[in-house]
file model_19.cif (mmCIF, C-alpha atoms)
data_query
#
loop_
_atom_site.label_atom_id
_atom_site.label_comp_id
_atom_site.auth_asym_id
_atom_site.auth_seq_id
_atom_site.Cartn_x
_atom_site.Cartn_y
_atom_site.Cartn_z
CA ALA A 129 -0.78 8.66 -25.06
CA ALA A 130 -3.78 6.54 -25.98
CA GLY A 131 -4.92 3.23 -24.52
CA HIS A 132 -7.50 0.84 -25.93
CA GLY A 133 -10.62 2.99 -26.03
CA MET A 134 -9.31 5.49 -23.49
CA ARG A 135 -7.05 8.43 -24.33
CA THR A 136 -5.15 9.81 -21.35
CA ALA A 137 -6.63 13.22 -22.11
CA ASP A 138 -10.12 11.72 -21.69
CA PHE A 139 -9.39 9.95 -18.40
CA ALA A 140 -10.25 12.85 -16.07
CA ASP A 141 -13.71 13.24 -17.64
CA TRP A 142 -14.38 9.49 -17.46
CA PHE A 143 -13.18 9.37 -13.85
CA ALA A 144 -15.33 12.34 -12.82
CA GLU A 145 -18.33 10.81 -14.61
CA ARG A 146 -17.88 7.49 -12.78
CA THR A 147 -17.62 9.38 -9.48
CA ARG A 148 -20.85 11.25 -10.22
CA ALA A 149 -22.64 8.13 -11.48
CA HIS A 150 -22.98 6.60 -8.03
CA ARG A 151 -24.11 7.87 -4.67
CA PHE A 152 -21.09 8.07 -2.36
CA ARG A 153 -21.22 9.37 1.19
CA VAL A 154 -18.98 8.94 4.23
CA GLU A 155 -19.59 10.42 7.67
CA ARG A 156 -17.88 10.00 11.02
CA ILE A 157 -19.99 8.40 13.73
CA PRO A 158 -19.47 7.59 17.42
CA LEU A 159 -17.92 4.19 18.07
CA ALA A 160 -21.20 3.09 19.70
CA GLU A 161 -23.02 3.50 16.36
CA LEU A 162 -20.92 0.84 14.61
CA ASP A 163 -23.46 -1.70 13.33
CA GLY A 164 -22.33 -5.30 13.85
CA TRP A 165 -19.07 -4.21 15.49
CA SER A 166 -18.49 -4.22 19.24
CA PHE A 167 -15.77 -4.14 21.88
CA SER A 168 -15.46 -7.65 23.31
CA PRO A 169 -15.98 -7.94 27.09
CA GLY A 170 -12.69 -8.55 28.83
CA THR A 171 -10.22 -7.97 25.99
CA GLY A 172 -11.80 -4.80 24.65
CA ASN A 173 -10.90 -5.98 21.12
CA LEU A 174 -13.04 -4.43 18.38
CA THR A 175 -14.64 -7.30 16.45
CA HIS A 176 -17.39 -7.96 13.89
CA ARG A 177 -20.28 -10.22 14.91
CA SER A 178 -19.66 -12.49 11.89
CA GLY A 179 -16.17 -13.32 13.12
CA ARG A 180 -14.96 -12.26 9.66
CA PHE A 181 -13.37 -9.15 8.10
CA PHE A 182 -10.82 -7.95 10.70
CA THR A 183 -10.34 -7.15 14.38
CA VAL A 184 -8.61 -4.26 16.10
CA GLU A 185 -6.45 -5.66 18.90
CA GLY A 186 -3.42 -4.57 20.90
CA LEU A 187 0.24 -5.14 20.06
CA ARG A 188 3.11 -5.22 22.55
CA ALA A 189 6.48 -4.95 20.80
CA ALA A 190 10.14 -4.49 21.57
CA GLY A 191 13.05 -4.10 19.18
CA ASP A 192 16.73 -3.31 19.11
CA GLU A 193 18.60 -0.41 17.50
CA GLY A 194 16.44 2.41 18.77
CA LEU A 195 13.05 0.79 18.21
CA GLY A 196 12.50 0.57 21.98
CA THR A 197 9.43 -0.97 23.62
CA TRP A 198 5.91 0.15 22.81
CA GLU A 199 2.23 -0.76 22.79
CA GLN A 200 -0.36 0.19 20.18
CA PRO A 201 -3.65 -0.84 18.57
CA ILE A 202 -3.19 -2.93 15.43
CA ILE A 203 -5.42 -4.40 12.72
CA HIS A 204 -5.47 -8.21 12.76
CA GLN A 205 -6.74 -9.65 9.49
CA PRO A 206 -5.31 -13.15 9.04
CA GLU A 207 -7.17 -13.91 5.81
CA ILE A 208 -5.31 -13.30 2.54
CA GLY A 209 -7.05 -11.01 0.06
CA ILE A 210 -6.69 -10.75 -3.72
CA LEU A 211 -5.20 -7.69 -5.39
CA GLY A 212 -5.53 -8.77 -9.01
CA VAL A 213 -4.96 -6.93 -12.28
CA LEU A 214 -6.15 -8.37 -15.59
CA ALA A 215 -3.84 -7.69 -18.53
CA LYS A 216 -4.51 -8.01 -22.25
CA GLU A 217 -2.67 -7.06 -25.42
CA PHE A 218 -4.34 -4.65 -27.82
CA ASP A 219 -2.43 -3.86 -31.03
CA GLY A 220 0.67 -5.48 -29.53
CA VAL A 221 0.64 -3.30 -26.39
CA LEU A 222 -0.14 -4.71 -22.95
CA HIS A 223 -3.08 -3.00 -21.24
CA PHE A 224 -4.34 -3.34 -17.67
CA LEU A 225 -8.00 -3.39 -16.61
CA MET A 226 -8.35 -0.79 -13.85
CA GLN A 227 -11.38 0.11 -11.75
CA ALA A 228 -12.80 3.40 -10.47
CA LYS A 229 -13.50 2.26 -6.90
CA MET A 230 -14.84 4.01 -3.84
CA GLU A 231 -13.19 3.37 -0.48
CA PRO A 232 -14.43 5.22 2.61
CA GLY A 233 -10.96 6.36 3.72
CA ASN A 234 -9.78 7.70 0.34
CA PRO A 235 -9.27 11.44 -0.06
CA GLY A 236 -11.82 12.21 -2.75
CA LEU A 237 -13.40 8.76 -2.11
CA VAL A 238 -12.86 7.31 -5.63
CA GLN A 239 -9.44 6.14 -6.83
CA LEU A 240 -8.08 3.87 -9.54
CA SER A 241 -7.89 0.37 -8.10
CA PRO A 242 -6.91 -3.07 -9.45
CA THR A 243 -9.40 -5.14 -11.43
CA VAL A 244 -10.10 -7.08 -8.22
CA GLN A 245 -9.42 -5.71 -4.75
CA ALA A 246 -11.15 -8.00 -2.31
CA THR A 247 -10.63 -9.64 1.04
CA ARG A 248 -11.52 -13.31 1.32
CA SER A 249 -14.60 -12.25 3.32
CA ASN A 250 -15.64 -10.04 0.37
CA TYR A 251 -15.21 -12.50 -2.47
CA THR A 252 -16.75 -15.37 -0.46
CA ARG A 253 -19.62 -12.92 0.25
CA ALA A 254 -19.53 -12.93 4.05
CA HIS A 255 -21.36 -9.57 3.80
CA ARG A 256 -24.19 -11.32 1.86
CA GLY A 257 -23.75 -8.70 -0.86
CA ALA A 258 -23.19 -8.93 -4.61
CA GLY A 259 -20.32 -10.93 -6.10
CA VAL A 260 -16.95 -9.40 -7.00
CA ARG A 261 -16.59 -8.70 -10.73
CA TYR A 262 -13.83 -10.57 -12.62
CA VAL A 263 -12.73 -12.51 -9.50
CA GLU A 264 -13.02 -15.82 -11.37
CA HIS A 265 -9.94 -14.88 -13.44
CA PHE A 266 -7.89 -15.09 -10.22
CA THR A 267 -9.59 -17.94 -8.36
CA ARG A 268 -9.97 -20.51 -11.15
CA PRO A 269 -6.86 -22.09 -12.71
CA GLY A 270 -6.53 -21.85 -16.48
CA ARG A 271 -8.40 -18.57 -16.96
CA GLY A 272 -5.27 -16.93 -18.41
CA ARG A 273 -1.47 -16.72 -18.32
CA VAL A 274 -0.09 -15.73 -14.91
CA LEU A 275 2.51 -12.95 -15.20
CA VAL A 276 3.14 -12.51 -11.47
CA ASP A 277 1.59 -14.06 -8.36
CA VAL A 278 3.22 -13.31 -4.98
CA LEU A 279 2.27 -12.68 -1.38
CA GLN A 280 3.17 -9.18 -0.24
CA SER A 281 3.11 -7.59 3.19
CA GLU A 282 0.87 -4.69 4.07
CA HIS A 283 1.75 -1.81 6.43
CA GLY A 284 3.89 -3.24 9.21
CA ALA A 285 3.07 -0.30 11.50
CA TRP A 286 -0.70 -0.82 11.33
CA PHE A 287 -1.32 -4.49 10.39
CA HIS A 288 -0.29 -7.62 12.28
CA ARG A 289 1.44 -9.96 9.80
CA LYS A 290 -1.00 -9.10 7.00
CA SER A 291 -0.39 -10.45 3.50
CA ASN A 292 -2.27 -10.02 0.24
CA ARG A 293 -1.90 -11.90 -3.01
CA ASN A 294 -0.54 -9.52 -5.68
CA VAL A 295 -1.34 -11.11 -9.03
CA ILE A 296 -1.36 -10.11 -12.69
CA VAL A 297 -3.08 -12.45 -15.16
CA GLU A 298 -3.03 -12.04 -18.93
CA ALA A 299 -6.62 -12.84 -19.87
CA ALA A 300 -7.54 -15.43 -22.47
CA GLY A 301 -10.42 -14.48 -24.75
CA ASP A 302 -12.56 -11.38 -24.80
CA VAL A 303 -13.02 -9.44 -21.55
CA PRO A 304 -15.63 -6.68 -21.85
CA ALA A 305 -14.94 -3.71 -19.56
CA HIS A 306 -17.81 -2.90 -17.20
CA GLU A 307 -18.67 0.81 -17.10
CA ASP A 308 -16.65 1.37 -13.87
CA PHE A 309 -13.54 -0.19 -15.50
CA CYS A 310 -11.15 0.91 -18.25
CA TRP A 311 -8.13 -0.53 -20.09
CA LEU A 312 -4.94 1.52 -19.64
CA THR A 313 -1.32 0.98 -20.68
CA LEU A 314 1.48 1.03 -18.11
CA GLY A 315 2.59 4.36 -19.59
CA GLN A 316 -0.87 5.83 -19.08
CA ILE A 317 -0.93 4.64 -15.47
CA GLY A 318 2.50 6.25 -15.10
CA GLU A 319 1.06 9.57 -16.23
CA LEU A 320 -1.71 9.18 -13.64
CA LEU A 321 0.87 8.39 -10.93
CA ARG A 322 2.17 11.93 -11.39
CA ARG A 323 -1.19 13.20 -10.15
CA ASP A 324 -2.07 13.36 -6.46
CA ALA A 325 -4.38 10.72 -4.97
CA VAL A 326 -5.57 9.10 -8.22
CA VAL A 327 -3.93 5.64 -8.29
CA ASN A 328 -4.66 3.73 -5.12
CA MET A 329 -2.19 1.84 -2.93
CA ASP A 330 -3.25 -1.61 -4.08
CA SER A 331 -2.73 -0.74 -7.75
CA ARG A 332 0.70 0.67 -6.94
CA SER A 333 1.63 -2.47 -5.01
CA VAL A 334 0.62 -4.88 -7.79
CA LEU A 335 2.25 -2.88 -10.59
CA ALA A 336 5.53 -2.75 -8.63
CA CYS A 337 5.65 -6.55 -8.93
CA ALA A 338 5.22 -6.58 -12.73
CA PRO A 339 8.14 -8.35 -14.42
CA LEU A 340 10.26 -5.94 -16.45
CA PRO A 341 13.10 -6.58 -18.94
CA ASP A 342 16.39 -7.89 -17.55
CA HIS A 343 18.26 -5.81 -14.98
CA GLU A 344 20.52 -2.96 -15.79
CA PRO A 345 24.18 -3.95 -16.00
CA GLY A 346 26.62 -2.19 -13.70
CA ALA A 347 24.97 -2.60 -10.30
CA LEU A 348 27.23 -1.81 -7.33
CA HIS A 349 26.25 -5.09 -5.67
CA SER A 350 25.29 -8.43 -7.24
CA ASP A 351 21.75 -9.77 -6.76
CA THR A 352 23.16 -12.46 -4.46
CA ASP A 353 24.97 -9.85 -2.36
CA VAL A 354 21.79 -7.77 -2.01
CA LEU A 355 19.81 -10.79 -0.85
CA SER A 356 22.60 -11.82 1.52
CA TRP A 357 22.73 -8.31 2.99
CA LEU A 358 18.96 -8.31 3.65
CA THR A 359 19.09 -11.83 5.13
CA THR A 360 21.90 -10.69 7.44
CA GLU A 361 19.85 -7.66 8.53
CA ARG A 362 16.86 -9.91 9.20
CA SER A 363 18.87 -12.37 11.26
CA ARG A 364 20.72 -9.69 13.21
CA ARG A 365 17.81 -7.40 14.08
CA GLU A 366 15.24 -8.63 16.53
CA VAL A 367 11.67 -7.42 16.86
CA ARG A 368 9.57 -9.24 19.45
CA ALA A 369 5.88 -8.56 18.93
CA ARG A 370 2.74 -10.25 20.19
CA LEU A 371 -0.97 -9.56 20.22
CA VAL A 372 -2.45 -8.44 23.55
CA PRO A 373 -5.92 -7.15 24.55
CA LEU A 374 -6.83 -3.72 23.18
CA ALA A 375 -8.14 -2.77 26.63
CA GLY A 376 -5.42 -1.54 28.94
CA LEU A 377 -2.75 -0.61 26.36
CA ALA A 378 -0.29 1.72 28.07
CA GLY A 379 -0.92 5.32 27.01
CA TRP A 380 -4.07 4.59 24.97
CA GLU A 381 -7.65 5.43 25.89
CA ARG A 382 -11.11 4.95 24.42
CA SER A 383 -13.49 7.90 24.13
CA ALA A 384 -16.92 8.07 22.51
CA SER A 385 -15.37 8.88 19.12
CA ALA A 386 -11.96 7.15 19.00
CA VAL A 387 -9.33 4.89 20.48
CA GLU A 388 -6.31 7.19 20.62
CA HIS A 389 -3.04 7.92 22.38
CA VAL A 390 -3.27 10.25 25.36
CA SER A 391 -0.70 12.54 23.73
CA GLY A 392 -2.93 13.08 20.66
CA ARG A 393 -0.01 11.89 18.53
CA SER A 394 0.39 8.75 16.43
CA PHE A 395 -2.96 7.57 15.03
CA ARG A 396 -6.49 6.92 16.20
CA VAL A 397 -9.14 4.27 15.52
CA VAL A 398 -12.37 5.96 14.45
CA ALA A 399 -15.75 4.89 13.03
CA VAL A 400 -17.52 5.86 9.80
CA ARG A 401 -20.83 5.21 8.09
CA ALA A 402 -20.44 4.73 4.33
CA ALA A 403 -22.81 4.50 1.39
CA ALA A 404 -21.79 3.56 -2.16
CA GLY A 405 -24.13 2.84 -5.03
CA ASN A 406 -21.72 0.52 -6.87
CA ARG A 407 -20.23 -1.54 -4.02
CA GLU A 408 -21.08 -5.15 -3.16
CA VAL A 409 -23.02 -3.76 -0.17
CA PRO A 410 -24.76 -0.36 -0.63
CA GLY A 411 -24.26 0.86 2.96
CA TRP A 412 -22.23 -0.16 6.00
CA THR A 413 -20.32 1.04 9.06
CA GLN A 414 -16.73 0.19 9.92
CA PRO A 415 -13.67 1.24 11.93
CA LEU A 416 -10.78 3.02 10.18
CA VAL A 417 -7.26 3.94 11.31
CA GLU A 418 -6.56 7.68 10.97
CA PRO A 419 -2.94 8.93 11.26
CA ALA A 420 -2.41 12.17 13.14
CA ALA A 421 -0.16 13.67 10.42
CA ALA A 422 0.87 13.31 6.79
CA GLY A 423 4.03 11.32 6.05
CA VAL A 424 7.10 11.51 3.84
CA VAL A 425 8.25 8.54 1.74
CA ALA A 426 11.39 9.03 -0.34
CA PHE A 427 14.24 7.34 -2.14
CA VAL A 428 17.59 9.08 -2.45
CA LEU A 429 18.99 8.52 -5.97
CA ARG A 430 22.59 8.43 -7.16
CA ARG A 431 24.30 7.26 -10.32
CA PHE A 432 27.35 5.00 -10.18
CA GLY A 433 29.04 4.47 -13.54
CA GLY A 434 26.01 6.13 -15.10
CA VAL A 435 23.65 3.52 -13.57
CA PRO A 436 20.83 4.85 -11.33
CA HIS A 437 20.84 3.41 -7.81
CA LEU A 438 18.29 3.90 -5.02
CA LEU A 439 19.32 3.95 -1.38
CA ALA A 440 17.23 1.25 0.33
CA ARG A 441 16.92 0.92 4.07
CA ALA A 442 16.40 -2.28 6.07
CA ARG A 443 13.16 -1.33 7.78
CA ALA A 444 12.02 -3.11 10.96
CA GLU A 445 8.33 -2.89 11.91
CA GLY A 446 6.31 -4.60 14.63
CA GLY A 447 3.64 -5.99 12.31
CA LEU A 448 5.85 -7.54 9.60
CA ALA A 449 5.96 -11.34 9.44
CA ASP A 450 9.72 -11.25 8.72
CA ALA A 451 10.33 -8.22 11.01
CA VAL A 452 12.55 -6.51 8.39
CA GLU A 453 11.92 -5.62 4.73
CA LEU A 454 13.60 -3.26 2.26
CA GLY A 455 12.04 0.15 2.60
CA PRO A 456 12.71 3.55 1.06
CA THR A 457 15.54 5.78 2.30
CA VAL A 458 13.05 7.87 4.28
CA GLN A 459 9.76 6.58 5.65
CA HIS A 460 8.60 9.06 8.21
CA VAL A 461 5.31 10.07 9.77
CA PRO A 462 5.74 13.01 12.16
CA ASP A 463 4.18 11.99 15.48
CA GLY A 464 4.20 8.38 14.32
CA VAL A 465 3.84 5.33 16.58
CA VAL A 466 4.77 6.63 20.03
CA GLY A 467 8.06 5.12 21.15
CA VAL A 468 9.13 4.08 17.63
CA ASP A 469 11.60 6.04 15.49
CA ALA A 470 11.34 9.04 17.80
CA ASP A 471 14.35 10.67 16.09
CA PRO A 472 13.97 11.97 12.52
CA PRO A 473 15.49 9.47 10.06
CA ALA A 474 18.80 10.04 8.28
CA PHE A 475 18.42 11.93 4.98
CA LEU A 476 15.08 13.53 6.01
CA ASP A 477 16.53 17.05 5.80
CA LEU A 478 18.15 16.24 2.45
CA VAL A 479 14.84 15.05 1.02
CA LEU A 480 12.71 17.89 2.41
CA GLY A 481 15.26 20.56 1.46
CA ALA A 482 15.87 19.43 -2.14
CA GLY A 483 15.40 22.04 -4.85
CA PRO A 484 13.14 21.28 -7.83
CA GLU A 485 16.16 20.59 -10.07
CA ARG A 486 16.96 17.51 -7.94
CA ILE A 487 13.45 16.09 -7.55
CA ARG A 488 12.89 13.26 -10.02
CA TYR A 489 9.42 12.41 -8.71
CA SER A 490 6.92 14.06 -6.37
CA ALA A 491 3.27 13.21 -5.73
CA VAL A 492 0.94 12.80 -2.78
CA HIS A 493 -0.58 9.31 -2.48
CA SER A 494 -2.89 7.82 0.12
CA GLU A 495 -2.83 4.42 1.76
CA GLU A 496 -5.51 1.77 1.37
CA GLY A 497 -8.86 3.49 1.88
CA GLY A 498 -10.66 0.39 3.09
CA ARG A 499 -8.71 0.47 6.36
CA PHE A 500 -7.11 3.95 6.60
CA LEU A 501 -8.74 7.37 6.70
CA ASN A 502 -6.90 10.25 4.99
CA ALA A 503 -3.56 8.47 5.41
CA VAL A 504 -1.46 10.49 2.97
CA SER A 505 2.26 10.85 2.34
CA ARG A 506 4.32 12.89 -0.09
CA HIS A 507 6.31 10.44 -2.22
CA LEU A 508 9.65 11.67 -3.56
CA ILE A 509 12.70 10.53 -5.46
CA VAL A 510 15.54 12.99 -4.89
CA GLU A 511 18.93 12.95 -6.61
CA ALA A 512 21.90 13.55 -4.32
CA GLY A 513 25.61 14.19 -4.70
CA PRO A 514 28.52 12.11 -3.32
CA GLU A 515 29.09 14.40 -0.37
CA GLU A 516 25.47 14.00 0.84
CA ALA A 517 25.01 10.32 0.01
CA PRO A 518 28.38 8.53 -0.20
CA GLU A 519 28.93 5.29 -2.08
CA GLU A 520 29.72 3.67 1.28
CA ALA A 521 26.13 3.59 2.58
CA PRO A 522 25.50 4.13 6.30
CA PRO A 523 24.63 1.09 8.45
CA GLY A 524 21.24 -0.39 7.63
CA HIS A 525 21.28 1.12 4.10
CA LEU A 526 22.30 -0.34 0.72
CA TRP A 527 22.49 1.02 -2.83
CA VAL A 528 20.34 -1.11 -5.20
CA THR A 529 19.25 -0.62 -8.79
CA PRO A 530 15.55 -0.29 -9.64
CA GLY A 531 15.86 -3.59 -11.52
CA GLN A 532 17.17 -5.36 -8.44
CA LEU A 533 14.33 -3.92 -6.38
CA THR A 534 11.78 -5.04 -8.99
CA SER A 535 13.24 -8.54 -8.98
CA LEU A 536 12.94 -8.71 -5.19
CA ALA A 537 9.39 -7.31 -5.28
CA GLY A 538 8.45 -10.08 -7.72
CA SER A 539 9.60 -12.64 -5.14
CA GLY A 540 7.27 -11.39 -2.38
CA ARG A 541 7.74 -9.96 1.12
CA TYR A 542 11.18 -8.47 0.51
CA VAL A 543 10.16 -4.91 -0.47
CA ASN A 544 7.75 -3.04 1.79
CA VAL A 545 4.56 -1.36 0.64
CA GLN A 546 5.98 2.18 0.81
CA ALA A 547 8.95 1.26 -1.37
CA ARG A 548 6.61 -0.53 -3.79
CA THR A 549 4.72 2.72 -4.45
CA LEU A 550 7.94 4.45 -5.53
CA LEU A 551 8.98 1.38 -7.50
CA ALA A 552 5.67 1.54 -9.42
CA ALA A 553 6.46 5.17 -10.25
CA VAL A 554 9.84 4.07 -11.66
CA SER A 555 8.59 1.04 -13.62
CA SER A 556 5.71 3.03 -15.16
CA ARG A 557 8.09 5.90 -15.99
CA ALA A 558 6.14 8.35 -13.84
CA ALA A 559 9.62 8.97 -12.43
CA VAL A 560 12.26 9.25 -15.17
CA LEU A 561 15.66 8.39 -13.72
#

call {"tool": "encode", "arguments": {"input": "model_19.cif", "output": "C-alpha cells"}}
result
Amino acid sequence: AAGHGMRTADFADWFAERTRAHRFRVERIPLAELDGWSFSPGTGNLTHRSGRFFTVEGLRAAGDEGLGTWEQPIIHQPEIGILGVLAKEFDGVLHFLMQAKMEPGNPGLVQLSPTVQATRSNYTRAHRGAGVRYVEHFTRPGRGRVLVDVLQSEHGAWFHRKSNRNVIVEAAGDVPAHEDFCWLTLGQIGELLRRDAVVNMDSRSVLACAPLPDHEPGALHSDTDVLSWLTTERSRREVRARLVPLAGLAGWERSASAVEHVSGRSFRVVAVRAAAGNREVPGWTQPLVEPAAAGVVAFVLRRFGGVPHLLARARAEGGLADAVELGPTVQHVPDGVVGVDADPPAFLDLVLGAGPERIRYSAVHSEEGGRFLNAVSRHLIVEAGPEEAPEEAPPGHLWVTPGQLTSLAGSGRYVNVQARTLLAAVSSRAAVL
C-alpha cells in the first residue's frame, strides 16, 4: 500500500529516522526531585505549582454487582484536551496527517500520534514553551470541514471524569507536512495497528470515531434497542465516587519513589525526568501512573446470519462521568485496582486459550504515554462458537455489530477507550472480520 509520499514499506525507516533525529531520554527519579510538583500540606494531593496540568488525588468509590467499596489514587484533570487528526484527499483517497511523537511513558518512547495531541494547558502554553503545530485547524472555525467532533472519556480506572475532544477535520488548502509528520491512508494505519506499540492510544481513539459507510444489515438488535439497553444498564447500576485527599487512603502508602498499594498490586504513582528535542518544552519532570501488570483487552466475535457481531459488556468504572460505558467482552488487568473486579471476568479463559485459527486480531498496545508508564495490554478479537458464546448473552453483555459500535463511538461517551482501540482495528481493517 502507498500513501501520499509515504509507502508502507518505507514507514519503518522514516519512523526510526525521526526517533534518531531528536534527543530523547527518560529516567525514574525520587518523588522529591519532581520540579514544580509537590504534595500539598494537609491533603497530600500531588499538584503543580502553576495550578494547571493535572493533580493526583484520592478517590473513594462504591458500586453494586461485585464492584465493592475501594479507595485509590486517581488523576484529576478537569480541562478538556484536543486529540485532532487532519484529513485531506490525495488522488481521491482520504489521508490522515499523523505525528511521530515522544511521550515519556511509551514503550520505545516514540509512537504515531494524532496531528494534535494537546491538553488545554499545552496549547495555551502554560508551560511557556513553543506553540503546538497545526492546532489552529481545530481551534478556529472555518479552517476545514469537520468530519467528527465528540467528547470521549479517558480511562475510568485512572482518571476522574476526564474527557478529551476527539476531532477529525478535512483541511482546506495546502497543508505541508512538517518533518515529524506524514500523510497515511486509513489502510496504512491499519497495517501499522497490526504491529506492537506503534500507533498510540489517542490515534486509536480518534480513528474509532471516524464515520464509516452505513451499518451492516442484519443486526441482532436495532440501534434503538442497543441504546435502550445501555441506558437501562446506566440507570440500574450505581457507582458512587468522590474525590478525597490522597493522604490517608486505606491501604496506600507513600515511599521515596512511589505512591503504591501496600500489597504491591494494582498500580503505583512514580516520577520521571524527561528530555525531548522536538517537544514544546525540551526537558521536564512529571508523575506517571505505572500498572503492576500487563492487561488483556478482547472482543469475542460471532456471526449471526453471516453478520459479524461483537460481544460488548456494560462496564462500570469509578472515574467515568456516566459510570457505565460499553466496553469489550474482556477488560482485565491482573492485580488491578484492589477491591474491584477481584474475580476473573467471564470469557477470560476463552480468550486466553484460543488457538491461532480463531484469533482475528492480536497486537500489544500501550495506553497514553503522557500519563501512564509502560501500561500495555494484549488486544484480541477471538471468534467463538455457539456453545461458548450463546446468542442469548449473559447479563451485562449484548451482541452489537461493528457498525453499531462505530455509530455510538461517533456520538461520544458511549464506548470506552479500550473498546475504541479494538474498533479502530476493525474500521482500519487491521482486523478482518

call {"tool": "resolve_selection", "arguments": {"input": "model_19.cif", "expression": "the PyMOL selection byres ((chain A and resi 139) around 12)", "output": "list in words"}}
result
Ala129, Ala130, Gly131, His132, Gly133, Met134, Arg135, Thr136, Ala137, Asp138, Ala140, Asp141, Trp142, Phe143, Ala144, Glu145, Arg146, Met226, Ala228, Leu240, Phe309, Cys310, Trp311, Leu312, Gln316, Ile317, Glu319, Leu320 and Val326 of chain A

call {"tool": "resolve_selection", "arguments": {"input": "model_19.cif", "expression": "the PyMOL selection byres ((chain A and resi 291) around 9)", "output": "MDAnalysis selection string"}}
result
chainID A and resid 205:209 279:282 289:290 292:293 449 541

call {"tool": "residues_around", "arguments": {"input": "model_19.cif", "residues": "Thr175 of chain A", "least_positions_apart": "4", "cutoff": "8 Å", "atoms": "only C-alpha atoms", "output": "MDAnalysis selection string"}}
result
chainID A and resid 165:168 179 182:184

call {"tool": "closest_residue", "arguments": {"input": "model_19.cif", "among": "A:Leu448, A:Val213, A:Ala422, A:Val154", "to": "Arg370 of chain A", "atoms": "all atoms listed in the file"}}
result
A:Leu448

call {"tool": "atom_distance", "arguments": {"input": "model_19.cif", "atom1": "atom CA of Gly170 of chain A", "atom2": "atom CA of Leu187 of chain A"}}
result
16.0 Å

call {"tool": "decode", "arguments": {"input": "model_19.cif", "residues": "segment 407-418 of chain A", "atoms": "N, CA, C and O atoms", "output": "PDB file, in the first residue's frame"}}
result
ATOM      1  N   ARG A 407       9.904  18.490  21.528  1.00  0.00           N
ATOM      2  CA  ARG A 407       8.680  18.799  22.265  1.00  0.00           C
ATOM      3  C   ARG A 407       8.590  20.302  22.522  1.00  0.00           C
ATOM      4  O   ARG A 407       9.560  21.043  22.365  1.00  0.00           O
ATOM      5  N   GLU A 408       7.379  20.752  22.952  1.00  0.00           N
ATOM      6  CA  GLU A 408       7.184  22.173  23.209  1.00  0.00           C
ATOM      7  C   GLU A 408       8.142  22.663  24.301  1.00  0.00           C
ATOM      8  O   GLU A 408       8.567  23.811  24.314  1.00  0.00           O
ATOM      9  N   VAL A 409       8.463  21.785  25.255  1.00  0.00           N
ATOM     10  CA  VAL A 409       9.440  22.070  26.303  1.00  0.00           C
ATOM     11  C   VAL A 409      10.525  21.001  26.210  1.00  0.00           C
ATOM     12  O   VAL A 409      10.215  19.813  26.162  1.00  0.00           O
ATOM     13  N   PRO A 410      11.824  21.377  26.159  1.00  0.00           N
ATOM     14  CA  PRO A 410      12.878  20.381  25.918  1.00  0.00           C
ATOM     15  C   PRO A 410      13.122  19.425  27.079  1.00  0.00           C
ATOM     16  O   PRO A 410      13.598  18.309  26.873  1.00  0.00           O
ATOM     17  N   GLY A 411      12.816  19.843  28.322  1.00  0.00           N
ATOM     18  CA  GLY A 411      13.042  18.953  29.458  1.00  0.00           C
ATOM     19  C   GLY A 411      12.072  19.269  30.583  1.00  0.00           C
ATOM     20  O   GLY A 411      11.689  20.417  30.781  1.00  0.00           O
ATOM     21  N   TRP A 412      11.656  18.239  31.303  1.00  0.00           N
ATOM     22  CA  TRP A 412      10.678  18.437  32.380  1.00  0.00           C
ATOM     23  C   TRP A 412      10.659  17.209  33.290  1.00  0.00           C
ATOM     24  O   TRP A 412      11.217  16.165  32.949  1.00  0.00           O
ATOM     25  N   THR A 413      10.008  17.359  34.443  1.00  0.00           N
ATOM     26  CA  THR A 413       9.725  16.215  35.304  1.00  0.00           C
ATOM     27  C   THR A 413       8.217  16.117  35.469  1.00  0.00           C
ATOM     28  O   THR A 413       7.508  17.112  35.331  1.00  0.00           O
ATOM     29  N   GLN A 414       7.729  14.903  35.758  1.00  0.00           N
ATOM     30  CA  GLN A 414       6.295  14.734  35.956  1.00  0.00           C
ATOM     31  C   GLN A 414       5.994  13.396  36.631  1.00  0.00           C
ATOM     32  O   GLN A 414       6.793  12.462  36.557  1.00  0.00           O
ATOM     33  N   PRO A 415       4.820  13.297  37.285  1.00  0.00           N
ATOM     34  CA  PRO A 415       4.370  11.996  37.769  1.00  0.00           C
ATOM     35  C   PRO A 415       3.767  11.184  36.624  1.00  0.00           C
ATOM     36  O   PRO A 415       3.244  11.746  35.649  1.00  0.00           O
ATOM     37  N   LEU A 416       3.837   9.856  36.752  1.00  0.00           N
ATOM     38  CA  LEU A 416       3.181   8.926  35.829  1.00  0.00           C
ATOM     39  C   LEU A 416       2.546   7.800  36.645  1.00  0.00           C
ATOM     40  O   LEU A 416       3.037   7.455  37.722  1.00  0.00           O
ATOM     41  N   VAL A 417       1.480   7.225  36.123  1.00  0.00           N
ATOM     42  CA  VAL A 417       0.845   6.057  36.734  1.00  0.00           C
ATOM     43  C   VAL A 417       1.391   4.801  36.053  1.00  0.00           C
ATOM     44  O   VAL A 417       1.354   4.686  34.824  1.00  0.00           O
ATOM     45  N   GLU A 418       1.917   3.878  36.856  1.00  0.00           N
ATOM     46  CA  GLU A 418       2.515   2.647  36.321  1.00  0.00           C
ATOM     47  C   GLU A 418       1.741   1.430  36.829  1.00  0.00           C
ATOM     48  O   GLU A 418       1.775   1.126  38.021  1.00  0.00           O
TER      49      GLU A 418
END
